[in-house]
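The block underneath contains the structure these notes are about, expressed in structure tokens.
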Amino acid sequence: MWAHDLALGVEAELRVLRDLQQRYPDARKIYGEHSAYDLEVPGQFTVEVKFDPASQRTRNIVVEYYHRKVSGLHTSTADWWVFDTGERFIWLTRAAVHSCIIGEGIDPVKIRGPGDRHPKWVFLVPVETISRYSSEAP
């Protein structure tokens, strides 16, 4: 299950990368298990890609921040975050992700996803709410 989810996440990163490369031909994927972001346009900006097709059913975007150690929101240094819902990309600056969670008073919840061996702490942000904080892709 984990390998399947990882493959889907990589496919999402490549979709976003292809989209970026139309405007920024030098955009590239960053490889490595512990990278602080997924994509970069060298010298301009970095991008964190999150694939969340379950948001079509749950109407919530999952923003992870702890999974046996700090993760997601705590560890990414990306300038931009893009949530791929499977239907569309939702682009936010890193600051907008934080503003959304704090400004909307969203409390963390503990969940265990279908492929997770251990529970994780996340923010469940309604798609409509996070969309209000979104921006056009860079």
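Chain lettering (A, B, ...) mirrors the order of the structure tokens, residue numbering begins at 1 for each chain separately, and ligand numbering begins at 1 in order of display.
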
Inset, instruction - Name the residues of stretch 15-79 of chain A that come out as strand (DSSP E) in a backbone DSSP run; write them as a list in words. - result: Arg28, Lys29, Leu39, Glu40, Val41, Phe45, Thr46, Val47, Glu48, Val49, Lys50, Phe51, Asn60, Ile61, Val62, Val63, Glu64, Tyr65 and Tyr66 of chain A

Writer output for current selection, C-alpha atoms, as a compact mmCIF listing (two decimals), in the first residue's frame:
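As a result, part04.txt now contains:
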# COMPACT_ATOMS: atom_id res chain seq x y z
CA ARG A 28 13.01 20.22 -12.01
CA LYS A 29 12.10 17.50 -9.53
CA LEU A 39 10.16 20.72 -7.14
CA GLU A 40 12.18 23.82 -7.84
CA VAL A 41 12.60 26.51 -10.40
CA PHE A 45 11.01 29.30 -6.02
CA THR A 46 10.38 25.82 -4.61
CA VAL A 47 7.20 23.71 -4.51
CA GLU A 48 5.72 21.09 -2.18
CA VAL A 49 3.23 18.78 -3.92
CA LYS A 50 0.48 16.98 -1.99
CA PHE A 51 -1.76 14.46 -3.73
CA ASN A 60 -11.21 18.10 3.22
CA ILE A 61 -7.55 18.62 2.35
CA VAL A 62 -5.16 16.82 4.69
CA VAL A 63 -2.21 18.91 5.88
CA GLU A 64 0.14 16.64 7.84
CA TYR A 65 2.43 17.93 10.55
CA TYR A 66 3.42 14.91 12.67

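Residues of stretch 37-99 of chain A assigned to alpha helix (DSSP H) by DSSP on this structure's backbone: A:Ser55, A:Gln56, A:Arg57, A:Thr58, A:Arg94, A:Ala95, A:Ala96, A:Val97, A:His98, A:Ser99.
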
Inset, instruction - Go through A:Leu17, A:Phe89, A:Ser35, A:Ile106 and flag the residue nearest A:Ser71, using only C-alpha atoms for the distances. - result: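 Nearest candidate to A:Ser71 out of A:Leu17, A:Phe89, A:Ser35, A:Ile106: A:Ser35.
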
Inset, instruction - Find the residues around A:Ser134 up to 7 Å (only C-alpha atoms counted), leave out those fewer than 5 positions away in its own chain, and share them as a PyMOL selection string. - result: chain A and resi 90-92

Legend entry - Shell of 10 Å around A:Arg88, only C-alpha atoms, local chain residues under 5 positions omitted, as a PyMOL selection string: chain A and resi 53+82-83

C-alpha atoms of the current selection, written as a PDB file, in the first residue's frame:
ATOM      1  CA  PRO A  53      -7.718  12.456  -4.212  1.00  0.00           C
ATOM      2  CA  VAL A  82       0.095  22.706  -4.460  1.00  0.00           C
ATOM      3  CA  PHE A  83      -2.673  20.307  -3.491  1.00  0.00           C
TER       4      PHE A  83
END

Inset, instruction - Skip A:Pro138 itself and residues of its chain fewer than 2 positions away, then list as an MDAnalysis selection string all residues within 10 Å of it, counting only C-alpha atoms. - result: chainID A and resid 20 23:24 44:45 80 91:93 135:136

Limited to N, CA and C atoms, could you put the picked residues into a file as a PDB file, in the first residue's frame?
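So the final result, stored in out-v8.pdb, reads:
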ATOM      1  N   LEU A  20       4.492  23.243 -14.720  1.00  0.00           N
ATOM      2  CA  LEU A  20       5.456  24.310 -14.457  1.00  0.00           C
ATOM      3  C   LEU A  20       6.421  24.507 -15.620  1.00  0.00           C
ATOM      4  N   ARG A  23       5.908  27.077 -18.343  1.00  0.00           N
ATOM      5  CA  ARG A  23       6.260  28.475 -18.065  1.00  0.00           C
ATOM      6  C   ARG A  23       7.723  28.639 -17.665  1.00  0.00           C
ATOM      7  N   TYR A  24       8.272  27.601 -17.046  1.00  0.00           N
ATOM      8  CA  TYR A  24       9.649  27.629 -16.551  1.00  0.00           C
ATOM      9  C   TYR A  24      10.355  26.360 -17.034  1.00  0.00           C
ATOM     10  N   GLN A  44      14.466  30.760  -8.283  1.00  0.00           N
ATOM     11  CA  GLN A  44      13.201  31.506  -8.223  1.00  0.00           C
ATOM     12  C   GLN A  44      12.289  31.048  -7.089  1.00  0.00           C
ATOM     13  N   PHE A  45      11.902  29.772  -7.079  1.00  0.00           N
ATOM     14  CA  PHE A  45      11.014  29.296  -6.015  1.00  0.00           C
ATOM     15  C   PHE A  45      11.021  27.771  -5.955  1.00  0.00           C
ATOM     16  N   TRP A  80       5.983  27.498  -2.259  1.00  0.00           N
ATOM     17  CA  TRP A  80       4.614  27.228  -2.713  1.00  0.00           C
ATOM     18  C   TRP A  80       4.220  25.805  -2.354  1.00  0.00           C
ATOM     19  N   TRP A  91      -3.156  25.998  -5.565  1.00  0.00           N
ATOM     20  CA  TRP A  91      -1.853  26.587  -5.262  1.00  0.00           C
ATOM     21  C   TRP A  91      -1.973  27.574  -4.101  1.00  0.00           C
ATOM     22  N   LEU A  92      -1.052  27.480  -3.149  1.00  0.00           N
ATOM     23  CA  LEU A  92      -0.975  28.429  -2.039  1.00  0.00           C
ATOM     24  C   LEU A  92       0.487  28.713  -1.740  1.00  0.00           C
ATOM     25  N   THR A  93       0.750  29.924  -1.292  1.00  0.00           N
ATOM     26  CA  THR A  93       2.080  30.190  -0.766  1.00  0.00           C
ATOM     27  C   THR A  93       2.182  29.466   0.576  1.00  0.00           C
ATOM     28  N   SER A 135      -3.930  30.958  -4.646  1.00  0.00           N
ATOM     29  CA  SER A 135      -3.429  31.944  -5.612  1.00  0.00           C
ATOM     30  C   SER A 135      -3.301  31.264  -6.968  1.00  0.00           C
ATOM     31  N   GLU A 136      -3.093  32.083  -7.968  1.00  0.00           N
ATOM     32  CA  GLU A 136      -2.754  31.546  -9.282  1.00  0.00           C
ATOM     33  C   GLU A 136      -1.375  30.895  -9.179  1.00  0.00           C
TER      34      GLU A 136
END

Inset, instruction - Find the residues around stretch 111-113 of chain A up to 12 Å (only C-alpha atoms counted), leave out those fewer than 3 positions away in its own chain, and share them as a PyMOL selection string. - result: chain A and resi 1-2+5+52+54+62-68+108+116-124

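Of note, atom CA of A:Tyr31 and atom CA of A:His74 are spaced 19.2 Å apart.
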
Inset, instruction - Mind checking which residues fall within 7 Å of A:Tyr133, counting only C-alpha atoms, ignoring those fewer than 3 positions away in the same chain, and posting them as JSON, numbers by chain? - result: {"A": [92, 96, 100, 130]}

For C-alpha atoms, I'd like the residues from the last selection saved as an mmCIF file, in the first residue's frame.
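Dumped to result15.cif:
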data_model
loop_
_atom_site.group_PDB
_atom_site.id
_atom_site.type_symbol
_atom_site.label_atom_id
_atom_site.label_comp_id
_atom_site.auth_asym_id
_atom_site.auth_seq_id
_atom_site.Cartn_x
_atom_site.Cartn_y
_atom_site.Cartn_z
ATOM 1 C CA LEU A 92 -0.975 28.429 -2.039
ATOM 2 C CA ALA A 96 -1.092 31.194 3.025
ATOM 3 C CA CYS A 100 -5.472 29.430 6.548
ATOM 4 C CA ILE A 130 -8.319 26.387 1.543
#

Legend entry - For atom CA of A:Val125 and atom CA of A:Arg18, the interatomic separation in Å (one decimal): 26.7 Å
